[in-house]
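In what follows, a single structure is set out as structure tokens and then discussed.
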Amino acid sequence: MLHDRQLVLDLIELTLNHGLFVVRSASSLDAAKVILDEWHPDMAVIDMDHDDSTALLARLGASDRLKRRATPALGLTRRGDLPTKLRAFDLGVDDILTMPFSPEELLARAIVITRRATGDDLPIVPRIRLGEVEIDILTREVRAGKSIIHLSGIEQSLLYLLASRAGQVVSRDDILDAVWGVDFVAESNIVDRHIRSLRIKLQNDYRHPRFIATVPGQGYRFIPMFSNVGWNGEKAPGGPAPD
């Protein structure tokens, strides 16, 4: 992967776990070259708005010329206009995805590209575990203990974004940018409202968070490990019933 934002790199890597991909990332052409000198990927994910995108696409094609095949590429761009897409295809990408993207769409396109290029029937692994939470990307279900909840597309994107940075604070501006996009004219509390909705479904009391913690003045943090006590309203041993 080539992208200059670690937040996006982490989100892509987490999402591609559903396709059993081994992922290596770079934020510059020089870093990408070091990786390619010792490792041959089945697919590249490239930010087409990155200054090094054209050079990297050329490097991917040139490095495989003796094998008579270029490494297939999925291009990412914040500009969804036709000229941008046509330029990307002219440079050699196999598909183009406009950011912000949903996790399930990124996964589907990546698997189609690799299946077409390698002939391997790469499976989609619907469920992955994040701590003690199990997420099914296809049905948008979250399972913990005996409970199953259903997420909207925005809620799933939010959960994946926060989980991809487990233990680290993600600011409201970064959430807004990654989930809604820089051109979205947002209400002032749109991030907080959707986080609140996600918390209600997760039965996550903000005062005693098990999943998503608020960091005052900074943003939100996914808690990678937590207890399932209270998920179904059970009383903790020797303690009060959960809120």
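Labels for the structure tokens follow display order: chains A, B, ..., residues from 1 in each chain, ligands from 1.
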For this session: Please report, as a PyMOL selection string, each residue of range 9-190 of chain A to which DSSP assigns strand (DSSP E or B) when run on this structure's backbone.
Result: chain A and resi 26+44-47+73-77+95-98+127-130+133-136+141-144+147-150+169-171
Exercise. So which bits of range 28-61 of chain A end up helix (DSSP H, G or I) when you DSSP the backbone, as a ChimeraX atom specification?
Worked result: /A:29-38,53-61
Restricting it to C-alpha atoms, dump the selection as a PDB file, in the first residue's frame.
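The result, written out as part_9.pdb:
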ATOM      1  CA  LEU A  29       8.268   5.799  -3.089  1.00  0.00           C
ATOM      2  CA  ASP A  30      11.628   5.124  -1.434  1.00  0.00           C
ATOM      3  CA  ALA A  31       9.957   3.106   1.330  1.00  0.00           C
ATOM      4  CA  ALA A  32       7.907   1.206  -1.261  1.00  0.00           C
ATOM      5  CA  LYS A  33      11.046   0.345  -3.245  1.00  0.00           C
ATOM      6  CA  VAL A  34      12.676  -1.177  -0.158  1.00  0.00           C
ATOM      7  CA  ILE A  35       9.639  -3.427   0.275  1.00  0.00           C
ATOM      8  CA  LEU A  36       9.502  -4.394  -3.415  1.00  0.00           C
ATOM      9  CA  ASP A  37      13.180  -5.318  -3.462  1.00  0.00           C
ATOM     10  CA  GLU A  38      12.445  -8.239  -1.162  1.00  0.00           C
ATOM     11  CA  SER A  53       1.767   7.311  -7.331  1.00  0.00           C
ATOM     12  CA  THR A  54       2.802   7.566 -10.996  1.00  0.00           C
ATOM     13  CA  ALA A  55       6.385   6.540 -10.271  1.00  0.00           C
ATOM     14  CA  LEU A  56       5.265   3.597  -8.159  1.00  0.00           C
ATOM     15  CA  LEU A  57       2.922   2.318 -10.871  1.00  0.00           C
ATOM     16  CA  ALA A  58       5.806   2.492 -13.332  1.00  0.00           C
ATOM     17  CA  ARG A  59       8.045   0.645 -10.856  1.00  0.00           C
ATOM     18  CA  LEU A  60       5.466  -2.101 -10.378  1.00  0.00           C
ATOM     19  CA  GLY A  61       5.204  -2.640 -14.120  1.00  0.00           C
TER      20      GLY A  61
END
Please produce, as CSV, a per-residue contact table for range 133-191 of chain A versus range 108-125 of chain A (criterion: any atom at most 10 Å away, only C-alpha atoms considered), showing the nearest atom pair and its distance in Å to one decimal, sorted by chain then residue number.
residue,atom,partner,partner_atom,distance
A:Asp136,CA,A:Val125,CA,8.6
A:Ile137,CA,A:Val125,CA,8.7
A:Leu138,CA,A:Ile124,CA,9.3
Include C-alpha atoms and write out the residues we just selected as an mmCIF file, in the first residue's frame.
data_model
loop_
_atom_site.group_PDB
_atom_site.id
_atom_site.type_symbol
_atom_site.label_atom_id
_atom_site.label_comp_id
_atom_site.auth_asym_id
_atom_site.auth_seq_id
_atom_site.Cartn_x
_atom_site.Cartn_y
_atom_site.Cartn_z
ATOM 1 C CA ASP A 136 -19.255 -9.992 10.266
ATOM 2 C CA ILE A 137 -18.494 -7.573 7.451
ATOM 3 C CA LEU A 138 -21.080 -9.022 5.044
#
Exercise. Out of A:Leu130, A:Leu86, A:Ser27, A:Asp81, which residue has the shortest atom-to-atom distance to Leu7 in chain A when counting only C-alpha atoms?
Worked result: A:Ser27
